[in-house]
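Chemist: Quick one, protein_0.json (JSON, C-alpha atoms and all ligand atoms):
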```
[["chain", "number", "residue", "atom", "x", "y", "z"],
["A", 1303, "MET", "CA", 16.51, -0.52, -0.51],
["A", 1304, "ILE", "CA", 14.49, -1.13, 2.59],
["A", 1305, "ARG", "CA", 10.75, -1.00, 3.29],
["A", 1306, "LEU", "CA", 9.67, -0.10, 6.80],
["A", 1307, "HIS", "CA", 6.04, -0.88, 7.45],
["A", 1308, "GLN", "CA", 3.70, -0.15, 10.32],
["A", 1309, "ARG", "CA", 1.67, -3.26, 10.92],
["A", 1310, "HIS", "CA", -1.29, -1.67, 12.71],
["A", 1311, "THR", "CA", -2.07, 1.99, 12.79],
["A", 1312, "THR", "CA", -2.32, 3.29, 16.36],
["A", 1313, "TYR", "CA", -5.49, 5.18, 15.75],
["A", 1314, "PHE", "CA", -7.69, 2.22, 15.29],
["A", 1315, "VAL", "CA", -6.51, 0.27, 18.28],
["A", 1316, "ASN", "CA", -9.93, -0.36, 19.75],
["A", 1317, "LEU", "CA", -11.20, -1.92, 16.60],
["A", 1318, "ILE", "CA", -8.04, -3.99, 16.27],
["A", 1319, "CYS", "CA", -8.34, -5.19, 19.86],
["A", 1320, "PHE", "CA", -11.93, -6.11, 19.20],
["A", 1321, "SER", "CA", -11.13, -7.97, 16.02],
["A", 1322, "GLN", "CA", -8.18, -9.74, 17.67],
["A", 1323, "PHE", "CA", -10.51, -10.87, 20.42],
["A", 1324, "TRP", "CA", -13.03, -11.96, 17.87],
["A", 1325, "VAL", "CA", -10.40, -13.75, 15.84],
["A", 1326, "LEU", "CA", -9.25, -15.66, 18.89],
["A", 1327, "CYS", "CA", -12.79, -16.98, 19.20],
["A", 1328, "VAL", "CA", -12.69, -18.31, 15.64],
["A", 1329, "THR", "CA", -10.60, -21.44, 15.44],
["A", 1330, "ASN", "CA", -9.69, -21.98, 11.83],
["A", 1331, "ASP", "CA", -6.60, -21.50, 9.69],
["A", 1332, "ASN", "CA", -7.84, -18.30, 8.10],
["A", 1333, "ARG", "CA", -7.64, -16.31, 11.32],
["A", 1334, "ASN", "CA", -5.11, -13.79, 10.08],
["A", 1335, "LEU", "CA", -7.03, -13.28, 6.88],
["A", 1336, "ILE", "CA", -10.29, -12.62, 8.71],
["A", 1337, "PHE", "CA", -8.50, -10.27, 11.10],
["A", 1338, "CYS", "CA", -6.98, -8.27, 8.23],
["A", 1339, "LEU", "CA", -10.31, -8.07, 6.46],
["A", 1340, "ILE", "CA", -12.17, -6.81, 9.51],
["A", 1341, "GLY", "CA", -9.51, -4.26, 10.40],
["A", 1342, "ASN", "CA", -9.18, -2.85, 6.89],
["A", 1343, "SER", "CA", -12.73, -3.05, 5.64],
["A", 1344, "ALA", "CA", -14.25, -1.39, 8.70],
["A", 1345, "TYR", "CA", -12.52, 1.95, 8.26],
["A", 1346, "GLY", "CA", -12.14, 1.68, 4.49],
["A", 1347, "ARG", "CA", -15.91, 1.50, 4.42],
["A", 1348, "THR", "CA", -16.18, 4.88, 6.15],
["A", 1349, "LEU", "CA", -14.29, 6.51, 3.25],
["A", 1350, "VAL", "CA", -16.71, 5.42, 0.57],
["A", 1351, "GLN", "CA", -17.55, 8.32, -1.76],
["A", 1352, "LYS", "CA", -21.23, 7.71, -2.19],
["A", 1353, "GLU", "CA", -21.55, 10.75, -4.48],
["A", 1354, "GLN", "CA", -19.69, 8.71, -7.10],
["A", 1355, "TYR", "CA", -22.10, 5.77, -6.97],
["A", 1356, "LYS", "CA", -23.58, 4.74, -10.32],
["A", 1357, "SER", "CA", -26.16, 2.14, -11.25],
["A", 1358, "VAL", "CA", -24.56, -0.31, -13.67],
["A", 1359, "SER", "CA", -26.50, -2.56, -16.03],
["A", 1360, "HIS", "CA", -25.53, -4.85, -18.91],
["A", 1361, "HIS", "CA", -27.38, -5.32, -22.16],
["A", 1362, "SER", "CA", -26.97, -7.17, -25.42],
["A", 1363, "SER", "CA", -25.59, -4.94, -28.23],
["A", 1364, "HIS", "CA", -28.64, -5.95, -30.31],
["A", 1365, "ASP", "CA", -31.07, -4.55, -27.77],
["A", 1366, "SER", "CA", -31.04, -1.12, -29.40],
["A", 1367, "ALA", "CA", -34.41, -0.05, -27.95],
["A", 1368, "THR", "CA", -33.24, -0.34, -24.33],
["A", 1369, "ILE", "CA", -29.80, 1.15, -25.09],
["A", 1370, "SER", "CA", -31.34, 4.12, -26.88],
["A", 1371, "ARG", "CA", -33.83, 4.72, -24.07],
["A", 1372, "LYS", "CA", -31.07, 4.67, -21.45],
["A", 1373, "VAL", "CA", -28.67, 6.88, -23.44],
["A", 1374, "ASN", "CA", -31.39, 9.50, -23.90],
["A", 1375, "ASN", "CA", -32.30, 9.45, -20.22],
["A", 1376, "LYS", "CA", -31.08, 12.57, -18.36],
["A", 1377, "MET", "CA", -29.42, 10.32, -15.73],
["A", 1378, "PHE", "CA", -27.21, 8.64, -18.37],
["A", 1379, "TYR", "CA", -23.49, 8.75, -17.49],
["A", 1380, "ASP", "CA", -21.42, 6.38, -19.66],
["A", 1381, "ILE", "CA", -21.57, 3.43, -22.01],
["A", 1382, "THR", "CA", -18.76, 0.89, -22.59],
["A", 1383, "GLU", "CA", -18.57, -1.90, -25.15],
["A", 1384, "LEU", "CA", -17.41, -5.09, -23.48],
["A", 1385, "GLY", "CA", -16.38, -6.86, -26.68],
["A", 1386, "ASP", "CA", -18.66, -9.89, -26.37],
["A", 1387, "GLN", "CA", -21.66, -8.28, -28.04],
["A", 1388, "SER", "CA", -22.71, -6.66, -24.81],
["A", 1389, "VAL", "CA", -22.56, -3.15, -23.42],
["A", 1390, "GLU", "CA", -22.23, -1.77, -19.91],
["A", 1391, "ILE", "CA", -24.32, 1.30, -19.13],
["A", 1392, "GLU", "CA", -23.68, 3.52, -16.12],
["A", 1393, "MET", "CA", -26.52, 5.72, -14.87],
["A", 1394, "LEU", "CA", -26.42, 8.41, -12.20],
["A", 1395, "ARG", "CA", -28.59, 7.70, -9.19],
["A", 1396, "PRO", "CA", -31.61, 9.93, -8.58],
["A", 1397, "VAL", "CA", -31.24, 9.74, -4.79],
["A", 1398, "ILE", "CA", -28.03, 9.35, -2.80],
["A", 1399, "ASN", "CA", -28.27, 8.82, 0.93],
["A", 1400, "LEU", "CA", -25.11, 10.26, 2.55],
["A", 1401, "ASN", "CA", -25.12, 8.26, 5.77],
["A", 1402, "VAL", "CA", -21.45, 7.25, 6.14],
["A", 1403, "PRO", "CA", -19.43, 8.58, 9.13],
["A", 1404, "VAL", "CA", -16.55, 9.93, 6.99],
["A", 1405, "GLN", "CA", -14.95, 11.53, 10.07],
["A", 1406, "ILE", "CA", -13.58, 8.11, 11.14],
["A", 1407, "GLY", "CA", -11.75, 7.38, 7.90],
["A", 1408, "PHE", "CA", -10.62, 11.00, 7.57],
["A", 1409, "PHE", "CA", -8.95, 11.10, 10.99],
["A", 1410, "VAL", "CA", -7.42, 7.63, 10.66],
["A", 1411, "LEU", "CA", -5.69, 8.72, 7.45],
["A", 1412, "GLU", "CA", -4.72, 12.18, 8.69],
["A", 1413, "TYR", "CA", -3.21, 10.85, 11.91],
["A", 1414, "GLY", "CA", -1.52, 8.16, 9.82],
["A", 1415, "LYS", "CA", 0.16, 10.88, 7.72],
["A", 1416, "LEU", "CA", 1.15, 12.80, 10.84],
["A", 1417, "LEU", "CA", 2.81, 9.70, 12.26],
["A", 1418, "MET", "CA", 4.75, 9.17, 9.02],
["A", 1419, "LEU", "CA", 6.01, 12.77, 9.16],
["A", 1420, "LYS", "CA", 7.04, 12.35, 12.80],
["A", 1421, "PHE", "CA", 8.79, 9.10, 11.95],
["A", 1422, "TYR", "CA", 10.75, 10.82, 9.19],
["A", 1423, "TYR", "CA", 11.56, 14.17, 10.82],
["A", 1424, "ASP", "CA", 11.76, 13.21, 14.52],
["A", 1425, "PHE", "CA", 13.41, 9.83, 14.12],
["A", 1426, "LEU", "CA", 15.07, 9.11, 10.76],
["A", 1427, "THR", "CA", 16.65, 12.52, 10.11],
["A", 1428, "LYS", "CA", 17.73, 12.70, 13.76],
["A", 1429, "TYR", "CA", 19.67, 9.44, 13.84],
["A", 1430, "LEU", "CA", 20.67, 8.93, 10.19],
["A", 1431, "SER", "CA", 22.95, 11.42, 8.46],
["A", 1432, "ASP", "CA", 21.56, 13.06, 5.32],
["A", 1433, "ASP", "CA", 24.08, 11.45, 2.99],
["A", 1434, "SER", "CA", 23.54, 7.93, 4.34],
["A", 1435, "PHE", "CA", 19.93, 7.42, 3.27],
["A", 1436, "CYS", "CA", 17.45, 8.61, 0.68],
["A", 1437, "LEU", "CA", 13.69, 8.49, 0.97],
["A", 1438, "ILE", "CA", 12.15, 6.93, -2.14],
["A", 1439, "GLU", "CA", 8.44, 6.98, -1.44],
["A", 1440, "SER", "CA", 5.99, 6.83, 1.44],
["A", 1441, "ASP", "CA", 2.45, 5.64, 1.95],
["A", 1442, "THR", "CA", 0.18, 6.23, 4.95],
["A", 1443, "ASP", "CA", 1.72, 3.31, 6.85],
["A", 1444, "SER", "CA", 5.06, 2.50, 5.20],
["A", 1445, "LEU", "CA", 8.07, 4.05, 3.55],
["A", 1446, "TYR", "CA", 10.78, 2.93, 1.16],
["A", 1447, "MET", "CA", 14.31, 4.23, 1.44],
["A", 1448, "ALA", "CA", 17.73, 3.55, 0.05],
["A", 1449, "LEU", "CA", 20.57, 2.97, 2.53],
["A", 1450, "CYS", "CA", 24.31, 3.28, 2.06],
["A", 1451, "GLU", "CA", 24.99, 0.47, 4.56],
["A", 1452, "PRO", "CA", 23.82, -3.16, 4.43],
["A", 1453, "SER", "CA", 21.33, -2.71, 7.29],
["A", 1454, "PHE", "CA", 19.23, 0.03, 8.87],
["A", 1455, "LEU", "CA", 21.02, -0.04, 12.25],
["A", 1456, "GLN", "CA", 24.46, 0.17, 10.67],
["A", 1457, "THR", "CA", 23.33, 3.41, 9.04],
["A", 1458, "VAL", "CA", 22.72, 5.09, 12.43],
["A", 1459, "ARG", "CA", 25.27, 7.89, 13.11],
["A", 1460, "PRO", "CA", 28.06, 6.42, 15.31],
["A", 1461, "ASN", "CA", 27.96, 9.42, 17.70],
["A", 1462, "LYS", "CA", 24.20, 9.03, 18.22],
["A", 1463, "ARG", "CA", 24.15, 5.29, 18.85],
["A", 1464, "ASP", "CA", 23.75, 5.45, 22.66],
["A", 1465, "GLU", "CA", 20.80, 7.79, 22.36],
["A", 1466, "TYR", "CA", 19.37, 5.70, 19.54],
["A", 1467, "VAL", "CA", 19.31, 2.55, 21.69],
["A", 1468, "THR", "CA", 16.85, 4.17, 24.11],
["A", 1469, "GLU", "CA", 14.70, 5.61, 21.33],
["A", 1470, "HIS", "CA", 14.61, 2.52, 19.06],
["A", 1471, "GLU", "CA", 11.71, 0.69, 20.67],
["A", 1472, "ASN", "CA", 9.44, 3.77, 20.60],
["A", 1473, "TRP", "CA", 9.40, 3.53, 16.79],
["A", 1474, "ILE", "CA", 10.50, 0.08, 15.70],
["A", 1475, "ALA", "CA", 9.19, -3.31, 16.86],
["A", 1476, "ARG", "CA", 11.74, -4.95, 19.18],
["A", 1477, "GLU", "CA", 13.48, -8.18, 18.20],
["A", 1478, "TYR", "CA", 14.99, -8.80, 21.63],
["A", 1479, "CYS", "CA", 13.99, -9.32, 25.26],
["A", 1480, "ASP", "CA", 15.15, -6.99, 28.07],
["A", 1481, "GLN", "CA", 17.98, -9.35, 29.02],
["A", 1482, "HIS", "CA", 19.52, -9.50, 25.52],
["A", 1483, "LYS", "CA", 19.01, -5.87, 24.55],
["A", 1484, "SER", "CA", 22.67, -4.84, 24.62],
["A", 1485, "ALA", "CA", 23.75, -8.04, 22.85],
["A", 1486, "TYR", "CA", 21.24, -7.30, 20.09],
["A", 1487, "PHE", "CA", 22.52, -3.75, 19.50],
["A", 1488, "ASP", "CA", 26.18, -4.84, 19.64],
["A", 1489, "SER", "CA", 25.43, -7.38, 16.95],
["A", 1490, "ALA", "CA", 23.26, -5.02, 14.88],
["A", 1491, "PHE", "CA", 25.72, -2.09, 14.91],
["A", 1492, "SER", "CA", 28.65, -4.32, 13.97],
["A", 1493, "GLY", "CA", 26.69, -5.99, 11.17],
["A", 1494, "THR", "CA", 26.91, -9.56, 12.43],
["A", 1495, "THR", "CA", 23.93, -11.90, 12.14],
["A", 1496, "TRP", "CA", 21.66, -11.83, 15.18],
["A", 1497, "VAL", "CA", 20.65, -15.30, 16.35],
["A", 1498, "PRO", "CA", 17.69, -14.84, 18.69],
["A", 1499, "GLU", "CA", 17.18, -17.14, 21.64],
["A", 1500, "LYS", "CA", 13.73, -18.45, 22.50],
["A", 1501, "CYS", "CA", 13.02, -15.54, 24.88],
["A", 1502, "CYS", "CA", 13.89, -13.04, 22.15],
["A", 1503, "SER", "CA", 11.77, -14.82, 19.55],
["A", 1504, "GLU", "CA", 8.78, -14.63, 21.88],
["A", 1505, "ALA", "CA", 9.39, -10.92, 22.48],
["A", 1506, "THR", "CA", 9.61, -10.39, 18.70],
["A", 1507, "LYS", "CA", 6.25, -12.09, 18.20],
["A", 1508, "TYR", "CA", 4.67, -9.98, 20.92],
["A", 1509, "PHE", "CA", 6.03, -6.62, 19.74],
["A", 1510, "SER", "CA", 5.36, -7.31, 16.06],
["A", 1511, "ARG", "CA", 1.65, -7.02, 16.89],
["A", 1512, "GLN", "CA", 1.92, -3.74, 18.82],
["A", 1513, "PRO", "CA", 0.05, -0.94, 17.04],
["A", 1514, "GLY", "CA", 2.09, 2.03, 15.83],
["A", 1515, "LEU", "CA", 5.50, 0.31, 15.63],
["A", 1516, "PHE", "CA", 7.39, -0.15, 12.38],
["A", 1517, "HIS", "CA", 9.18, -3.26, 11.22],
["A", 1518, "VAL", "CA", 11.34, -4.11, 8.23],
["A", 1519, "GLU", "CA", 9.14, -5.76, 5.65],
["A", 1520, "ASN", "CA", 11.33, -6.01, 2.60],
["A", 1521, "ILE", "CA", 15.02, -5.60, 1.74],
["A", 1522, "SER", "CA", 15.82, -5.45, -1.96],
["A", 1523, "ARG", "CA", 18.62, -4.33, -4.23],
["A", 1524, "GLY", "CA", 16.48, -1.48, -5.54],
["A", 1525, "VAL", "CA", 13.01, -0.29, -6.40],
["A", 1526, "ILE", "CA", 11.37, 1.33, -9.41],
["A", 1527, "ALA", "CA", 8.63, 3.47, -7.89],
["A", 1528, "LEU", "CA", 6.49, 4.94, -10.67],
["A", 1529, "CYS", "CA", 3.63, 6.46, -8.66],
["A", 1530, "SER", "CA", 1.34, 5.65, -5.72],
["A", 1531, "LYS", "CA", 0.92, 1.90, -5.34],
["A", 1532, "SER", "CA", 2.86, 1.12, -8.53],
["A", 1533, "TYR", "CA", 6.34, -0.14, -7.80],
["A", 1534, "TYR", "CA", 8.68, -3.06, -8.33],
["A", 1535, "CYS", "CA", 11.31, -4.05, -5.75],
["A", 1536, "PHE", "CA", 13.98, -6.18, -7.40],
["A", 1537, "GLY", "CA", 16.38, -8.48, -5.63],
["A", 1538, "GLU", "CA", 16.24, -11.89, -4.03],
["A", 1539, "GLN", "CA", 12.59, -11.53, -3.01],
["A", 1540, "PRO", "CA", 10.89, -9.34, -5.63],
["A", 1541, "LYS", "CA", 7.88, -7.43, -4.36],
["A", 1542, "MET", "CA", 5.56, -5.48, -6.58],
["A", 1543, "SER", "CA", 2.31, -3.59, -6.71],
["A", 1544, "ALA", "CA", 0.45, -2.30, -9.75],
["A", 1545, "LYS", "CA", -2.84, -0.61, -8.99],
["A", 1546, "GLY", "CA", -5.73, -1.62, -11.23],
["A", 1547, "ILE", "CA", -3.75, -4.25, -13.13],
["A", 1548, "LYS", "CA", -4.42, -7.95, -12.62],
["A", 1549, "LYS", "CA", -1.07, -9.54, -11.86],
["A", 1550, "GLY", "CA", -1.81, -13.07, -13.13],
["A", 1551, "GLN", "CA", -2.95, -11.81, -16.54],
["A", 1552, "ASN", "CA", -0.20, -9.29, -17.30],
["A", 1553, "LYS", "CA", 3.55, -9.66, -17.44],
["A", 1554, "LEU", "CA", 4.92, -7.32, -14.80],
["A", 1555, "ASP", "CA", 8.65, -7.53, -14.20],
["A", 1556, "LYS", "CA", 11.63, -5.26, -13.70],
["A", 1557, "LYS", "CA", 11.97, -4.81, -17.47],
["A", 1558, "SER", "CA", 8.39, -3.60, -17.96],
["A", 1559, "PHE", "CA", 8.71, -1.08, -15.09],
["A", 1560, "THR", "CA", 12.13, 0.16, -16.31],
["A", 1561, "ASN", "CA", 10.78, 0.56, -19.82],
["A", 1562, "VAL", "CA", 7.89, 2.74, -18.62],
["A", 1563, "LEU", "CA", 10.18, 4.88, -16.45],
["A", 1564, "PHE", "CA", 13.04, 5.56, -18.86],
["A", 1565, "ASN", "CA", 11.31, 5.38, -22.25],
["A", 1566, "LYS", "CA", 8.25, 7.33, -21.07],
["A", 1567, "CYS", "CA", 5.76, 4.94, -22.62],
["A", 1568, "ILE", "CA", 2.44, 3.90, -21.14],
["A", 1569, "SER", "CA", 2.00, 0.14, -21.19],
["A", 1570, "GLN", "CA", -1.23, -1.60, -22.16],
["A", 1571, "CYS", "CA", -2.77, -4.19, -19.88],
["A", 1572, "THR", "CA", -5.53, -6.73, -20.27],
["A", 1573, "ASN", "CA", -8.08, -7.41, -17.57],
["A", 1574, "LYS", "CA", -10.43, -10.36, -17.85],
["A", 1575, "GLY", "CA", -13.42, -11.02, -15.67],
["A", 1576, "PHE", "CA", -17.07, -11.97, -15.43],
["A", 1577, "ARG", "CA", -20.14, -9.80, -15.69],
["A", 1578, "LYS", "CA", -23.81, -10.64, -15.14],
["A", 1579, "ARG", "CA", -26.19, -9.76, -17.96],
["A", 1580, "ASP", "CA", -29.90, -10.44, -17.62],
["A", 1581, "GLU", "CA", -30.00, -14.03, -16.39],
["A", 1582, "GLY", "CA", -26.63, -15.07, -17.80],
["A", 1583, "LEU", "CA", -22.99, -14.75, -16.81],
["A", 1584, "PHE", "CA", -20.53, -13.55, -19.45],
["A", 1585, "SER", "CA", -16.79, -13.23, -19.54],
["A", 1586, "TYR", "CA", -15.15, -10.05, -20.81],
["A", 1587, "THR", "CA", -11.67, -8.94, -21.89],
["A", 1588, "GLN", "CA", -10.76, -5.30, -21.51],
["A", 1589, "THR", "CA", -7.64, -3.54, -22.76],
["A", 1590, "ARG", "CA", -6.76, -0.43, -20.80],
["A", 1591, "LYS", "CA", -3.84, 1.77, -19.83],
["A", 1592, "GLY", "CA", -1.41, -0.10, -17.63],
["A", 1593, "LEU", "CA", 1.74, 1.25, -16.00],
["A", 1594, "ASN", "CA", 2.14, 4.99, -16.38],
["A", 1595, "TYR", "CA", 5.29, 7.10, -16.01],
["A", 1596, "PHE", "CA", 3.36, 10.24, -15.07],
["A", 1597, "TYR", "CA", 3.73, 11.41, -11.49],
["A", 1598, "GLY", "CA", 1.79, 14.53, -10.56],
["A", 1599, "LYS", "CA", 2.63, 15.10, -6.91],
["A", 1600, "ARG", "CA", 6.22, 16.29, -7.41],
["A", 1601, "ILE", "CA", 8.27, 17.65, -10.32],
["A", 1602, "VAL", "CA", 10.21, 14.77, -11.89],
["A", 1603, "GLN", "CA", 13.55, 15.74, -13.46],
["A", 1604, "GLU", "CA", 14.88, 14.65, -16.85],
["A", 1605, "ASP", "CA", 16.65, 11.63, -15.36],
["A", 1606, "GLY", "CA", 13.24, 10.22, -14.36],
["A", 1607, "VAL", "CA", 14.49, 9.63, -10.80],
["A", 1608, "THR", "CA", 15.18, 12.93, -9.00],
["A", 1609, "THR", "CA", 12.12, 14.90, -7.88],
["A", 1610, "PHE", "CA", 11.49, 18.36, -6.44],
["A", 1611, "PRO", "CA", 8.44, 19.77, -4.66],
["A", 1612, "THR", "CA", 5.83, 21.54, -6.77],
["A", 1613, "HIS", "CA", 5.59, 25.35, -6.67],
["A", 1614, "LEU", "CA", 2.06, 25.27, -5.23],
["B", 1, "ZN", "ZN", 16.29, -12.92, 24.94]]
```
If you took the structure in this file and wrote it as structure tokens, what would it be?
Ligand SMILES: [Zn+2]

Modeler:
Amino acid sequence: MIRLHQRHTTYFVNLICFSQFWVLCVTNDNRNLIFCLIGNSAYGRTLVQKEQYKSVSHHSSHDSATISRKVNNKMFYDITELGDQSVEIEMLRPVINLNVPVQIGFFVLEYGKLLMLKFYYDFLTKYLSDDSFCLIESDTDSLYMALCEPSFLQTVRPNKRDEYVTEHENWIAREYCDQHKSAYFDSAFSGTTWVPEKCCSEATKYFSRQPGLFHVENISRGVIALCSKSYYCFGEQPKMSAKGIKKGQNKLDKKSFTNVLFNKCISQCTNKGFRKRDEGLFSYTQTRKGLNYFYGKRIVQEDGVTTFPTHL
């Protein structure tokens, strides 16, 4: 199983260039972190659904007068017990100011999807034969696929290799300099380990930061992909994601993912945190649905693995 990831989406290059410039001006060890935050938060912010905004307040369970008044208010939305003798009340907002330029986030994501489709149909299916790879899942900037050979380049059709060599760097970040290009492909196609010289390492660093190019981010023995942003890659370097579940507080391993997939059971998870109530700070423990086997975007077959498109 291999994960190909696009480090920077092409369609936000100006912002990235700006933040890279800005990051260069900041001389501390958290430069990459700041850079990531600026790049992601700026366009993520433009996709905020302000219609969904609620006003949240916390009250003691004994404060029945306030709770009753809020519950009977026409703007009342929801009430949740937090388990420490306090309740969380969500109220709709009387006025919502829709002043976010949603066009930015919309086009970044739509162009991101278009690029993923081009990568799959114009590149992968062109150079890899259908029976040598299998797409597992894709996000807006990455995809996971299973390969029948130990590496991606060994999977390239032998009769298309010459053409592939010229096309490679339009899609995938180079790991070689101009001088060692042919040596790199000889080594990669034959499956021997590529030992880069200093010139090649510098080229790798440079191209790994080019927007729009993919690079291999993870190679594992396999992956259990339950639904969007919930997966577990098992192998020498396990990699996992579980949306809405705090990793440190819940046991998430290959067994728990396999159990959800094949036994069709929804796991429970516990999230702990802090909430402000009046002038005090209180901790809370919440039990909620954890990993879920349900996948609604395609029709999942009885084996829990094969999927077909929906009839819509
Ligand atoms: Zn070189």

Chemist: Go through chain A and flag each residue having an atom no more than 12 Å from ligand ZN 1 (chain B); for those, report the closest pair of atoms plus their distance in Å to one decimal, using all atoms listed in the file, ordered by chain and rising number, as CSV.

Modeler:
```
residue,atom,partner,partner_atom,distance
A:Arg1476,CA,B:ZN1,ZN,10.8
A:Glu1477,CA,B:ZN1,ZN,8.7
A:Tyr1478,CA,B:ZN1,ZN,5.4
A:Cys1479,CA,B:ZN1,ZN,4.3
A:Asp1480,CA,B:ZN1,ZN,6.8
A:Gln1481,CA,B:ZN1,ZN,5.7
A:His1482,CA,B:ZN1,ZN,4.7
A:Lys1483,CA,B:ZN1,ZN,7.6
A:Ser1484,CA,B:ZN1,ZN,10.3
A:Ala1485,CA,B:ZN1,ZN,9.2
A:Tyr1486,CA,B:ZN1,ZN,8.9
A:Trp1496,CA,B:ZN1,ZN,11.2
A:Val1497,CA,B:ZN1,ZN,9.9
A:Pro1498,CA,B:ZN1,ZN,6.7
A:Glu1499,CA,B:ZN1,ZN,5.4
A:Lys1500,CA,B:ZN1,ZN,6.6
A:Cys1501,CA,B:ZN1,ZN,4.2
A:Cys1502,CA,B:ZN1,ZN,3.7
A:Ser1503,CA,B:ZN1,ZN,7.3
A:Glu1504,CA,B:ZN1,ZN,8.3
A:Ala1505,CA,B:ZN1,ZN,7.6
A:Thr1506,CA,B:ZN1,ZN,9.5
```

Chemist: Tell me, in Å to one decimal, how far CA of Gly1606 (chain A) is from CA of Met1418 (chain A).

Modeler: 24.9 Å

Chemist: Just want the 7 Å neighbourhood of region 1442-1452 of chain A, counted on only C-alpha atoms, with same-chain residues fewer than 6 positions away dropped. Output as a list in words.

Modeler: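 The filter keeps Met1303, Ile1304, Arg1305, Leu1306, His1307, Gln1308, Leu1411, Gly1414, Lys1415, Met1418, Ser1434, Phe1435 and Cys1436 of chain A.
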
Chemist: Write out, as a JSON list (two decimals), in the coordinates of the input, the residues just selected, with C-alpha atoms.

Modeler:
```json
[["chain", "number", "residue", "atom", "x", "y", "z"],
["A", 1303, "MET", "CA", 16.51, -0.52, -0.51],
["A", 1304, "ILE", "CA", 14.49, -1.13, 2.59],
["A", 1305, "ARG", "CA", 10.75, -1.00, 3.29],
["A", 1306, "LEU", "CA", 9.67, -0.10, 6.80],
["A", 1307, "HIS", "CA", 6.04, -0.88, 7.45],
["A", 1308, "GLN", "CA", 3.70, -0.15, 10.32],
["A", 1411, "LEU", "CA", -5.69, 8.72, 7.45],
["A", 1414, "GLY", "CA", -1.52, 8.16, 9.82],
["A", 1415, "LYS", "CA", 0.16, 10.88, 7.72],
["A", 1418, "MET", "CA", 4.75, 9.17, 9.02],
["A", 1434, "SER", "CA", 23.54, 7.93, 4.34],
["A", 1435, "PHE", "CA", 19.93, 7.42, 3.27],
["A", 1436, "CYS", "CA", 17.45, 8.61, 0.68]]
```

Chemist: Between CA of Val1467 (chain A) and CA of Leu1419 (chain A), what is the distance in Å, rounded to a tenth?

Modeler: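 Taking CA of Val1467 (chain A) and CA of Leu1419 (chain A), their separation equals 20.9 Å.
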
Chemist: Suppose you want the space between CA of Tyr1355 (chain A) and CA of Ser1343 (chain A); what is it in Å?

Modeler: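 Separating CA of Tyr1355 (chain A) from CA of Ser1343 (chain A) is a distance of 18.0 Å.
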
Chemist: Tell me which of A:Ser1489, A:Leu1554, A:Val1358, A:Tyr1597 sits closest to Cys1535 (chain A), counting only C-alpha atoms.

Modeler: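 Among A:Ser1489, A:Leu1554, A:Val1358, A:Tyr1597, it is A:Leu1554 that comes nearest to Cys1535 (chain A).
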
Chemist: So that I can check the surroundings of His1470 (chain A), please list as an NGL selection string every protein, DNA and RNA residue that reaches within 12 Å of it, counting all atoms listed in the file and ignoring chain neighbours fewer than 6 positions away.

Modeler: :A and (1421 or 1424-1426 or 1428-1429 or 1454-1455 or 1458 or 1462-1464 or 1476-1478 or 1483 or 1486-1487 or 1515-1517)

Chemist: Using only C-alpha atoms, pick whichever of A:Met1393, A:Arg1347, A:Lys1376, A:Cys1571 has the shortest atom-to-atom distance to Ser1359 (chain A).

Modeler: A:Met1393
